[in-house]
>>> print(open('my_file.pdb').read())   # PDB, C-alpha atoms and all ligand atoms
ATOM      1  CA  MET A   1     203.903  34.493  92.732
ATOM      2  CA  ASP A   2     203.179  37.148  90.188
ATOM      3  CA  ASN A   3     202.176  40.450  91.657
ATOM      4  CA  PRO A   4     201.947  44.032  90.542
ATOM      5  CA  PHE A   5     205.080  45.083  92.386
ATOM      6  CA  GLY A   6     207.360  42.300  91.150
ATOM      7  CA  MET A   7     207.997  40.866  94.617
ATOM      8  CA  THR A   8     208.179  37.249  95.648
ATOM      9  CA  ALA A   9     205.433  35.864  97.865
ATOM     10  CA  GLU A  10     207.822  35.969 100.838
ATOM     11  CA  GLU A  11     208.746  39.556 100.202
ATOM     12  CA  TYR A  12     205.155  40.462  99.717
ATOM     13  CA  SER A  13     204.178  38.838 102.983
ATOM     14  CA  THR A  14     206.462  41.025 105.053
ATOM     15  CA  ILE A  15     206.899  44.274 103.224
ATOM     16  CA  ALA A  16     207.254  47.427 105.194
ATOM     17  CA  VAL A  17     204.084  49.404 104.917
ATOM     18  CA  SER A  18     206.050  52.433 103.847
ATOM     19  CA  ASP A  19     207.629  50.602 100.931
ATOM     20  CA  TYR A  20     204.325  49.131  99.992
ATOM     21  CA  LEU A  21     202.615  52.466  99.795
ATOM     22  CA  ALA A  22     205.559  54.065  98.107
ATOM     23  CA  LYS A  23     205.452  51.384  95.436
ATOM     24  CA  ILE A  24     201.777  51.188  94.729
ATOM     25  CA  LEU A  25     200.658  54.716  95.344
ATOM     26  CA  GLY A  26     203.783  56.684  94.687
ATOM     27  CA  LEU A  27     203.565  58.134  98.170
ATOM     28  CA  LYS A  28     206.375  59.123 100.472
ATOM     29  CA  PRO A  29     207.559  56.383 102.821
ATOM     30  CA  TYR A  30     205.869  56.235 106.162
ATOM     31  CA  PRO A  31     207.814  58.171 108.824
ATOM     32  CA  GLU A  32     208.390  55.156 111.092
ATOM     33  CA  THR A  33     209.989  53.130 108.354
ATOM     34  CA  PRO A  34     211.163  50.077 110.339
ATOM     35  CA  LEU A  35     207.667  49.078 111.352
ATOM     36  CA  VAL A  36     206.766  46.051 109.336
ATOM     37  CA  ILE A  37     203.385  44.485 109.019
ATOM     38  CA  MET A  38     201.547  43.068 106.785
ATOM     39  CA  THR A  39     198.211  41.538 106.044
ATOM     40  CA  ALA A  40     197.087  38.275 107.547
ATOM     41  CA  ARG A  41     200.456  36.722 106.821
ATOM     42  CA  SER A  42     202.105  38.808 109.464
ATOM     43  CA  SER A  43     202.535  37.595 113.020
ATOM     44  CA  ASN A  44     202.924  41.087 114.455
ATOM     45  CA  SER A  45     200.702  41.853 117.392
ATOM     46  CA  ALA A  46     197.543  43.892 117.106
ATOM     47  CA  ALA A  47     199.041  46.462 119.467
ATOM     48  CA  VAL A  48     201.742  47.214 116.934
ATOM     49  CA  VAL A  49     199.721  47.147 113.755
ATOM     50  CA  THR A  50     196.419  48.668 114.847
ATOM     51  CA  PRO A  51     197.711  52.265 115.026
ATOM     52  CA  ILE A  52     199.414  51.844 111.667
ATOM     53  CA  PHE A  53     196.247  50.490 110.097
ATOM     54  CA  GLN A  54     194.272  53.397 111.521
ATOM     55  CA  ASP A  55     196.788  55.887 110.235
ATOM     56  CA  PHE A  56     196.716  54.295 106.788
ATOM     57  CA  SER A  57     192.967  54.114 106.699
ATOM     58  CA  ALA A  58     192.595  57.770 107.585
ATOM     59  CA  LYS A  59     194.958  58.753 104.823
ATOM     60  CA  TYR A  60     194.693  56.328 101.954
ATOM     61  CA  LEU A  61     191.495  54.259 101.835
ATOM     62  CA  PRO A  62     190.058  55.954  98.728
ATOM     63  CA  GLN A  63     193.333  55.565  96.822
ATOM     64  CA  LEU A  64     193.731  51.924  97.833
ATOM     65  CA  VAL A  65     190.179  51.003  96.893
ATOM     66  CA  GLU A  66     190.391  52.949  93.637
ATOM     67  CA  LYS A  67     193.475  50.892  92.717
ATOM     68  CA  TRP A  68     191.821  47.667  93.785
ATOM     69  CA  LYS A  69     188.710  48.430  91.733
ATOM     70  CA  HIS A  70     190.683  48.542  88.481
ATOM     71  CA  LEU A  71     192.810  45.445  88.960
ATOM     72  CA  ASP A  72     192.218  42.059  87.453
ATOM     73  CA  LYS A  73     191.446  39.221  89.826
ATOM     74  CA  SER A  74     194.920  37.834  90.405
ATOM     75  CA  HIS A  75     196.364  41.174  91.344
ATOM     76  CA  ALA A  76     193.274  42.243  93.174
ATOM     77  CA  THR A  77     193.741  39.313  95.552
ATOM     78  CA  LEU A  78     196.907  40.881  96.895
ATOM     79  CA  TYR A  79     195.143  44.169  97.403
ATOM     80  CA  SER A  80     192.227  42.415  99.033
ATOM     81  CA  ASP A  81     194.662  41.027 101.593
ATOM     82  CA  VAL A  82     195.793  44.525 102.380
ATOM     83  CA  LEU A  83     192.307  45.968 102.444
ATOM     84  CA  ARG A  84     191.162  43.153 104.693
ATOM     85  CA  ALA A  85     193.824  44.114 107.213
ATOM     86  CA  LEU A  86     192.289  47.586 107.296
ATOM     87  CA  THR A  87     188.711  46.463 107.851
ATOM     88  CA  ARG A  88     189.010  46.154 111.623
ATOM     89  CA  ASN A  89     188.688  49.791 112.484
ATOM     90  CA  ASN A  90     186.036  52.454 112.394
ATOM     91  CA  TYR A  91     187.609  54.403 109.566
ATOM     92  CA  TRP A  92     186.956  51.416 107.347
ATOM     93  CA  GLY A  93     183.438  51.003 108.704
ATOM     94  CA  ARG A  94     182.524  54.570 107.824
ATOM     95  CA  PHE A  95     184.311  54.319 104.506
ATOM     96  CA  GLN A  96     182.519  51.133 103.507
ATOM     97  CA  LEU A  97     179.101  52.354 104.547
ATOM     98  CA  THR A  98     179.182  55.981 103.430
ATOM     99  CA  HIS A  99     181.887  56.676 100.851
ATOM    100  CA  PRO A 100     180.817  56.092  97.210
ATOM    101  CA  LEU A 101     183.864  53.866  96.649
ATOM    102  CA  GLY A 102     183.266  52.016  99.897
ATOM    103  CA  ARG A 103     179.662  51.282  98.925
ATOM    104  CA  ILE A 104     180.768  49.153  95.967
ATOM    105  CA  VAL A 105     183.329  47.012  97.794
ATOM    106  CA  ALA A 106     181.138  44.220  99.192
ATOM    107  CA  ALA A 107     179.230  43.481  95.979
ATOM    108  CA  GLU A 108     182.302  43.940  93.803
ATOM    109  CA  HIS A 109     184.471  41.692  95.948
ATOM    110  CA  ALA A 110     181.742  39.039  96.026
ATOM    111  CA  LEU A 111     181.495  39.168  92.239
ATOM    112  CA  ARG A 112     185.246  38.641  91.874
ATOM    113  CA  LEU A 113     185.202  35.816  94.381
ATOM    114  CA  SER A 114     182.365  34.145  92.454
ATOM    115  CA  ARG A 115     184.487  34.156  89.291
ATOM    116  CA  GLN A 116     187.075  31.738  90.637
ATOM    117  CA  GLN A 117     188.867  30.290  87.606
ATOM    118  CA  VAL A 118     191.002  27.472  88.967
ATOM    119  CA  PRO A 119     190.110  24.549  91.242
ATOM    120  CA  ILE A 120     190.017  25.811  94.833
ATOM    121  CA  LYS A 121     192.508  23.212  95.999
ATOM    122  CA  ASP A 122     195.116  24.816  93.713
ATOM    123  CA  ASP A 123     194.345  28.267  95.076
ATOM    124  CA  ALA A 124     193.313  27.510  98.656
ATOM    125  CA  TYR A 125     195.326  30.261 100.314
ATOM    126  CA  ASN A 126     193.948  33.055  98.165
ATOM    127  CA  PHE A 127     190.448  31.679  98.250
ATOM    128  CA  SER A 128     190.483  31.468 102.024
ATOM    129  CA  GLY A 129     191.857  35.033 102.282
ATOM    130  CA  SER A 130     189.192  36.299  99.900
ATOM    131  CA  THR A 131     186.471  34.618 101.917
ATOM    132  CA  MET A 132     187.784  36.217 105.093
ATOM    133  CA  PHE A 133     187.700  39.595 103.384
ATOM    134  CA  LEU A 134     184.090  38.959 102.360
ATOM    135  CA  TRP A 135     183.231  38.010 105.929
ATOM    136  CA  ASN A 136     184.709  41.261 107.240
ATOM    137  CA  LEU A 137     182.734  43.226 104.668
ATOM    138  CA  LEU A 138     179.546  41.447 105.709
ATOM    139  CA  ILE A 139     180.263  42.318 109.332
ATOM    140  CA  TRP A 140     180.136  46.009 108.481
ATOM    141  CA  GLU A 141     177.152  45.689 106.166
ATOM    142  CA  ASP A 142     175.205  43.712 108.764
ATOM    143  CA  LYS A 143     172.125  43.500 106.564
ATOM    144  CA  GLN A 144     169.472  40.840 106.067
ATOM    145  CA  GLY A 145     166.845  39.797 103.550
ATOM    146  CA  ASP A 146     166.170  42.315 100.777
ATOM    147  CA  GLU A 147     168.943  44.568 102.074
ATOM    148  CA  PHE A 148     171.608  41.856 101.939
ATOM    149  CA  PRO A 149     174.376  43.409  99.804
ATOM    150  CA  ILE A 150     175.275  40.391  97.632
ATOM    151  CA  PRO A 151     173.002  39.561  94.650
ATOM    152  CA  GLU A 152     171.446  36.113  94.830
ATOM    153  CA  ALA A 153     173.134  34.621  91.767
ATOM    154  CA  THR A 154     176.556  35.737  93.032
ATOM    155  CA  ALA A 155     175.811  34.384  96.486
ATOM    156  CA  GLU A 156     174.784  30.998  95.086
ATOM    157  CA  LYS A 157     177.997  30.733  93.093
ATOM    158  CA  ILE A 158     180.121  31.568  96.145
ATOM    159  CA  VAL A 159     178.243  29.009  98.234
ATOM    160  CA  GLU A 160     179.177  26.341  95.655
ATOM    161  CA  LEU A 161     182.801  27.440  95.781
ATOM    162  CA  ILE A 162     182.886  27.357  99.564
ATOM    163  CA  GLU A 163     181.429  23.856  99.492
ATOM    164  CA  GLU A 164     184.278  22.896  97.188
ATOM    165  CA  PHE A 165     186.766  24.587  99.520
ATOM    166  CA  LEU A 166     185.439  22.773 102.586
ATOM    167  CA  ARG A 167     185.450  19.450 100.745
ATOM    168  CA  ASP A 168     188.829  19.704  98.998
ATOM    169  CA  CYS A 169     190.944  21.732 101.427
ATOM    170  CA  PRO A 170     190.558  20.177 104.874
ATOM    171  CA  GLY A 171     192.651  21.878 107.539
ATOM    172  CA  GLN A 172     193.128  25.049 105.519
ATOM    173  CA  MET A 173     193.176  28.280 107.501
ATOM    174  CA  GLY A 174     189.868  30.114 107.346
ATOM    175  CA  THR A 175     187.539  27.117 107.368
ATOM    176  CA  THR A 176     185.350  28.480 110.179
ATOM    177  CA  THR A 177     184.985  31.852 108.495
ATOM    178  CA  ALA A 178     184.201  30.206 105.165
ATOM    179  CA  LYS A 179     181.420  28.223 106.848
ATOM    180  CA  GLY A 180     180.040  31.385 108.435
ATOM    181  CA  CYS A 181     180.070  33.131 105.064
ATOM    182  CA  MET A 182     178.320  30.208 103.439
ATOM    183  CA  LEU A 183     175.523  30.183 106.024
ATOM    184  CA  LEU A 184     175.051  33.948 105.717
ATOM    185  CA  LEU A 185     175.000  33.839 101.921
ATOM    186  CA  ARG A 186     172.491  30.986 101.889
ATOM    187  CA  SER A 187     170.169  32.666 104.376
ATOM    188  CA  ARG A 188     170.520  36.229 102.970
ATOM    189  CA  GLY A 189     172.158  37.292 106.220
ATOM    190  CA  SER A 190     169.677  35.775 108.648
ATOM    191  CA  ASP A 191     171.181  32.480 109.886
ATOM    192  CA  PRO A 192     171.443  32.939 113.682
ATOM    193  CA  GLN A 193     174.726  31.049 114.099
ATOM    194  CA  PRO A 194     176.994  33.207 111.932
ATOM    195  CA  ARG A 195     174.968  36.282 112.901
ATOM    196  CA  PHE A 196     175.980  35.792 116.504
ATOM    197  CA  THR A 197     179.684  35.727 115.613
ATOM    198  CA  LEU A 198     179.221  38.661 113.276
ATOM    199  CA  GLU A 199     177.538  40.763 115.944
ATOM    200  CA  VAL A 200     180.146  39.929 118.580
ATOM    201  CA  THR A 201     182.936  40.898 116.197
ATOM    202  CA  LYS A 202     181.196  44.097 115.183
ATOM    203  CA  ALA A 203     180.742  44.994 118.838
ATOM    204  CA  GLN A 204     184.481  44.502 119.407
ATOM    205  CA  TRP A 205     185.429  46.599 116.409
ATOM    206  CA  THR A 206     183.140  49.446 117.403
ATOM    207  CA  MET A 207     183.923  49.345 121.131
ATOM    208  CA  ASP A 208     185.667  52.740 120.961
ATOM    209  CA  LEU A 209     182.398  54.319 119.926
ATOM    210  CA  ARG A 210     180.284  52.618 122.551
ATOM    211  CA  VAL A 211     182.166  53.434 125.762
ATOM    212  CA  CYS A 212     183.818  56.590 127.031
ATOM    213  CA  GLY A 213     187.464  56.640 125.994
ATOM    214  CA  PHE A 214     188.430  57.786 129.482
ATOM    215  CA  CYS A 215     186.126  56.054 132.009
ATOM    216  CA  ASP A 216     184.439  53.295 129.971
ATOM    217  CA  ALA A 217     180.938  54.581 130.799
ATOM    218  CA  GLU A 218     178.335  53.636 128.227
ATOM    219  CA  GLU A 219     176.512  56.954 128.457
ATOM    220  CA  GLY A 220     176.948  60.496 129.656
ATOM    221  CA  PRO A 221     175.468  62.072 132.816
ATOM    222  CA  GLY A 222     171.703  61.640 132.972
ATOM    223  CA  GLY A 223     171.764  59.090 130.158
ATOM    224  CA  ALA A 224     173.044  61.543 127.540
ATOM    225  CA  PRO A 225     174.550  59.932 124.461
ATOM    226  CA  LEU A 226     178.350  59.751 124.216
ATOM    227  CA  MET A 227     179.994  62.467 122.164
ATOM    228  CA  ARG A 228     182.419  61.506 119.424
ATOM    229  CA  CYS A 229     185.773  63.146 118.938
ATOM    230  CA  GLY A 230     184.981  65.666 116.228
ATOM    231  CA  LYS A 231     188.321  65.285 114.499
ATOM    232  CA  CYS A 232     188.853  61.527 114.031
ATOM    233  CA  ARG A 233     185.272  60.434 114.952
ATOM    234  CA  ASN A 234     186.784  57.165 116.182
ATOM    235  CA  VAL A 235     186.435  57.557 119.942
ATOM    236  CA  ALA A 236     183.629  58.715 122.160
ATOM    237  CA  TYR A 237     183.445  60.408 125.560
ATOM    238  CA  CYS A 238     180.830  60.731 128.287
ATOM    239  CA  GLY A 239     181.384  64.484 128.355
ATOM    240  CA  ALA A 240     183.703  67.381 127.620
ATOM    241  CA  GLU A 241     185.649  66.830 130.830
ATOM    242  CA  HIS A 242     186.679  63.280 129.970
ATOM    243  CA  GLN A 243     187.429  64.257 126.425
ATOM    244  CA  LYS A 244     189.883  66.798 127.810
ATOM    245  CA  MET A 245     191.356  64.324 130.299
ATOM    246  CA  GLY A 246     191.655  61.628 127.630
ATOM    247  CA  TRP A 247     193.356  63.858 125.109
ATOM    248  CA  ARG A 248     196.923  63.116 126.196
ATOM    249  CA  GLY A 249     196.412  59.405 125.502
ATOM    250  CA  HIS A 250     194.285  59.920 122.427
ATOM    251  CA  LYS A 251     196.255  62.659 120.704
ATOM    252  CA  ALA A 252     198.652  60.404 118.816
ATOM    253  CA  ARG A 253     195.795  58.337 117.358
ATOM    254  CA  CYS A 254     193.578  61.273 116.472
ATOM    255  CA  ILE A 255     193.794  61.648 112.704
ATOM    256  CA  LYS A 256     191.112  63.245 110.622
ATOM    257  CA  ALA A 257     190.156  61.073 107.657
ATOM    258  CA  SER A 258     191.470  62.681 104.479
ATOM    259  CA  TRP A 259     188.251  61.781 102.706
ATOM    260  CA  GLU A 260     185.717  63.103 105.177
TER     261      GLU A 260
HETATM  262 ZN    ZN A 301     183.926  59.289 130.843
HETATM  263 ZN    ZN A 302     190.095  61.979 117.874
END
>>> encode(input="my_file.pdb", output="structure tokens")
Amino acid sequence: MDNPFGMTAEEYSTIAVSDYLAKILGLKPYPETPLVIMTARSSNSAAVVTPIFQDFSAKYLPQLVEKWKHLDKSHATLYSDVLRALTRNNYWGRFQLTHPLGRIVAAEHALRLSRQQVPIKDDAYNFSGSTMFLWNLLIWEDKQGDEFPIPEATAEKIVELIEEFLRDCPGQMGTTTAKGCMLLLRSRGSDPQPRFTLEVTKAQWTMDLRVCGFCDAEEGPGGAPLMRCGKCRNVAYCGAEHQKMGWRGHKARCIKASWE
């Protein structure tokens, strides 16, 4: 497979994050070099990769998305895989919804997906990965009707492509997600079936903001709202006391986003 870093598909699928970043961004290798992920092709457990993804997101999301924005479709697919791996944490959520670069990702990715050049059956893996990325973006957007982030013409084109995917690529990974995407695109975000899945997933991804990071309470004393960690903004506490008591466990994961 051709890719911007001159690696084979196998190499690409299991590159060390540090090498990856060093290659594409010219950054110094990650301190814990042996930790290998990567992307959906990796079988590493969430417990291992989640902290790495959070660390990366806090540091490099604007650079990664800036690179992705300027790539042609074939190369962008590889980056989309990487970006997709980063979508499952609150750094990404804030980035996508508030950062100027993040605001363009959903519509831009949808546009690229709609411009599929080759028959889906010859490109099933990438197409399925791209659809999963779109699904994750829609989870964060969580909008319906006039606010739905994908223009109608683009959505219609993607629906046709997903129909082709479902027809020509039976058994391919990502079929359920592709169906969910299709129903959301057709209904401008309002179909109850995919909405349910979307809301459950969003609730999982944002769990750290909805319960106290020390005692799991959903609110502070007297019904006060939880307070977010002011540095990373990725965890919440029922009060100052639990923030203090939770610090030992939280410290290692508390990274201020470079772009906030
Ligand atoms: Zn608490
Ligand atoms: Zn923090």
>>> residues_near_ligand(input="my_file.pdb", ligand="ligand ZN 301 (chain A)", cutoff="6 Å", atoms="only C-alpha atoms and all ligand atoms", output="ChimeraX atom specification")
/A:212,214-215,217,237-238,242
>>> resolve_selection(input="my_file.pdb", expression="the PyMOL selection byres (((not hetatm)) within 12 of (chain A and resi 302))", output="ChimeraX atom specification")
/A:54-55,58,90-91,208-209,213,227-237,243-244,246-257
>>> atom_distance(input="my_file.pdb", atom1="atom CA of A:Thr131", atom2="atom CA of A:Arg195")
16.0 Å
>>> atom_distance(input="my_file.pdb", atom1="atom CA of A:Ala106", atom2="atom CA of A:Val118")
22.0 Å
>>> atom_distance(input="my_file.pdb", atom1="atom CA of A:Phe56", atom2="atom CA of A:Leu101")
16.4 Å
>>> residues_around(input="my_file.pdb", residues="A:Gln172", least_positions_apart="4", cutoff="8 Å", atoms="all atoms listed in the file", output="PyMOL selection string")
chain A and resi 124-125+128
>>> write_last_selection(input="my_file.pdb", atoms="C-alpha atoms", output="tab-separated table (two decimals), in the frame of the given file")
chain	number	residue	atom	x	y	z
A	124	ALA	CA	193.31	27.51	98.66
A	125	TYR	CA	195.33	30.26	100.31
A	128	SER	CA	190.48	31.47	102.02
>>> residues_around(input="my_file.pdb", residues="A:Leu134", least_positions_apart="5", cutoff="10 Å", atoms="all atoms listed in the file", output="ChimeraX atom specification")
/A:80,84,105-107,109-110,113,128-129,139,177-178,181
>>> residues_around(input="my_file.pdb", residues="A:Asp142", least_positions_apart="3", cutoff="8 Å", atoms="all atoms listed in the file", output="ChimeraX atom specification")
/A:138-139,148,189,198
>>> closest_residue(input="my_file.pdb", among="A:Asn126, A:Gln144, A:Ser187, A:Thr201", to="A:Gly174", atoms="all atoms listed in the file")
A:Asn126
>>> resolve_selection(input="my_file.pdb", expression="the PyMOL selection byres (((chain A and resi 179) around 12) and not hetatm)", output="PyMOL selection string")
chain A and resi 128+131-132+134-135+158-167+173-178+180-186+191+193-195+197
>>> write_last_selection(input="my_file.pdb", atoms="C-alpha atoms", output="mmCIF file, in the coordinates of the input")
data_model
loop_
_atom_site.group_PDB
_atom_site.id
_atom_site.type_symbol
_atom_site.label_atom_id
_atom_site.label_comp_id
_atom_site.auth_asym_id
_atom_site.auth_seq_id
_atom_site.Cartn_x
_atom_site.Cartn_y
_atom_site.Cartn_z
ATOM 1 C CA SER A 128 190.483 31.468 102.024
ATOM 2 C CA THR A 131 186.471 34.618 101.917
ATOM 3 C CA MET A 132 187.784 36.217 105.093
ATOM 4 C CA LEU A 134 184.090 38.959 102.360
ATOM 5 C CA TRP A 135 183.231 38.010 105.929
ATOM 6 C CA ILE A 158 180.121 31.568 96.145
ATOM 7 C CA VAL A 159 178.243 29.009 98.234
ATOM 8 C CA GLU A 160 179.177 26.341 95.655
ATOM 9 C CA LEU A 161 182.801 27.440 95.781
ATOM 10 C CA ILE A 162 182.886 27.357 99.564
ATOM 11 C CA GLU A 163 181.429 23.856 99.492
ATOM 12 C CA GLU A 164 184.278 22.896 97.188
ATOM 13 C CA PHE A 165 186.766 24.587 99.520
ATOM 14 C CA LEU A 166 185.439 22.773 102.586
ATOM 15 C CA ARG A 167 185.450 19.450 100.745
ATOM 16 C CA MET A 173 193.176 28.280 107.501
ATOM 17 C CA GLY A 174 189.868 30.114 107.346
ATOM 18 C CA THR A 175 187.539 27.117 107.368
ATOM 19 C CA THR A 176 185.350 28.480 110.179
ATOM 20 C CA THR A 177 184.985 31.852 108.495
ATOM 21 C CA ALA A 178 184.201 30.206 105.165
ATOM 22 C CA GLY A 180 180.040 31.385 108.435
ATOM 23 C CA CYS A 181 180.070 33.131 105.064
ATOM 24 C CA MET A 182 178.320 30.208 103.439
ATOM 25 C CA LEU A 183 175.523 30.183 106.024
ATOM 26 C CA LEU A 184 175.051 33.948 105.717
ATOM 27 C CA LEU A 185 175.000 33.839 101.921
ATOM 28 C CA ARG A 186 172.491 30.986 101.889
ATOM 29 C CA ASP A 191 171.181 32.480 109.886
ATOM 30 C CA GLN A 193 174.726 31.049 114.099
ATOM 31 C CA PRO A 194 176.994 33.207 111.932
ATOM 32 C CA ARG A 195 174.968 36.282 112.901
ATOM 33 C CA THR A 197 179.684 35.727 115.613
#
>>> closest_residue(input="my_file.pdb", among="A:Val82, A:Cys169, A:Leu61, A:Leu71", to="A:Ile120", atoms="all atoms listed in the file")
A:Cys169
>>> closest_residue(input="my_file.pdb", among="A:Asp216, A:Glu141, A:Thr98, A:Asp168", to="A:Asp123", atoms="all atoms listed in the file")
A:Asp168
>>> residues_around(input="my_file.pdb", residues="A:Gly239", least_positions_apart="5", cutoff="8 Å", atoms="all atoms listed in the file", output="PDB file with C-alpha atoms, in the frame of the given file")
ATOM      1  CA  GLY A 220     176.948  60.496 129.656  1.00  0.00           C
ATOM      2  CA  PRO A 221     175.468  62.072 132.816  1.00  0.00           C
ATOM      3  CA  LEU A 226     178.350  59.751 124.216  1.00  0.00           C
ATOM      4  CA  MET A 227     179.994  62.467 122.164  1.00  0.00           C
TER       5      MET A 227
END
>>> closest_residue(input="my_file.pdb", among="A:Arg115, A:Pro100, A:Ala85, A:Lys59", to="A:Asp72", atoms="all atoms listed in the file")
A:Arg115
>>> closest_residue(input="my_file.pdb", among="A:Arg103, A:Lys202, A:Arg112, A:Lys121", to="A:Asn89", atoms="only C-alpha atoms")
A:Lys202
>>> build_atoms(input="my_file.pdb", residues="stretch 89-101 of chain A", atoms="N, CA and C atoms", output="mmCIF file, keeping the file's coordinate frame")
data_model
loop_
_atom_site.group_PDB
_atom_site.id
_atom_site.type_symbol
_atom_site.label_atom_id
_atom_site.label_comp_id
_atom_site.auth_asym_id
_atom_site.auth_seq_id
_atom_site.Cartn_x
_atom_site.Cartn_y
_atom_site.Cartn_z
ATOM 1 N N ASN A 89 188.775 48.541 111.723
ATOM 2 C CA ASN A 89 188.688 49.791 112.484
ATOM 3 C C ASN A 89 187.577 50.671 111.934
ATOM 4 N N ASN A 90 187.223 51.659 112.716
ATOM 5 C CA ASN A 90 186.036 52.454 112.394
ATOM 6 C C ASN A 90 186.199 53.343 111.168
ATOM 7 N N TYR A 91 187.430 53.659 110.808
ATOM 8 C CA TYR A 91 187.609 54.403 109.566
ATOM 9 C C TYR A 91 187.050 53.563 108.417
ATOM 10 N N TRP A 92 187.444 52.284 108.415
ATOM 11 C CA TRP A 92 186.956 51.416 107.347
ATOM 12 C C TRP A 92 185.429 51.321 107.384
ATOM 13 N N GLY A 93 184.887 51.136 108.583
ATOM 14 C CA GLY A 93 183.438 51.003 108.704
ATOM 15 C C GLY A 93 182.721 52.181 108.071
ATOM 16 N N ARG A 94 183.168 53.376 108.394
ATOM 17 C CA ARG A 94 182.524 54.570 107.824
ATOM 18 C C ARG A 94 182.756 54.636 106.320
ATOM 19 N N PHE A 95 183.991 54.273 105.927
ATOM 20 C CA PHE A 95 184.311 54.319 104.506
ATOM 21 C C PHE A 95 183.399 53.363 103.725
ATOM 22 N N GLN A 96 183.320 52.135 104.215
ATOM 23 C CA GLN A 96 182.519 51.133 103.507
ATOM 24 C C GLN A 96 181.037 51.534 103.443
ATOM 25 N N LEU A 97 180.533 52.098 104.487
ATOM 26 C CA LEU A 97 179.101 52.354 104.547
ATOM 27 C C LEU A 97 178.683 53.703 103.973
ATOM 28 N N THR A 98 179.610 54.644 103.861
ATOM 29 C CA THR A 98 179.182 55.981 103.430
ATOM 30 C C THR A 98 179.917 56.537 102.206
ATOM 31 N N HIS A 99 181.148 56.123 101.985
ATOM 32 C CA HIS A 99 181.887 56.676 100.851
ATOM 33 C C HIS A 99 181.424 55.991 99.558
ATOM 34 N N PRO A 100 181.274 56.731 98.462
ATOM 35 C CA PRO A 100 180.817 56.092 97.210
ATOM 36 C C PRO A 100 181.681 54.901 96.795
ATOM 37 N N LEU A 101 182.991 55.004 96.986
ATOM 38 C CA LEU A 101 183.864 53.866 96.649
ATOM 39 C C LEU A 101 183.664 52.716 97.628
#
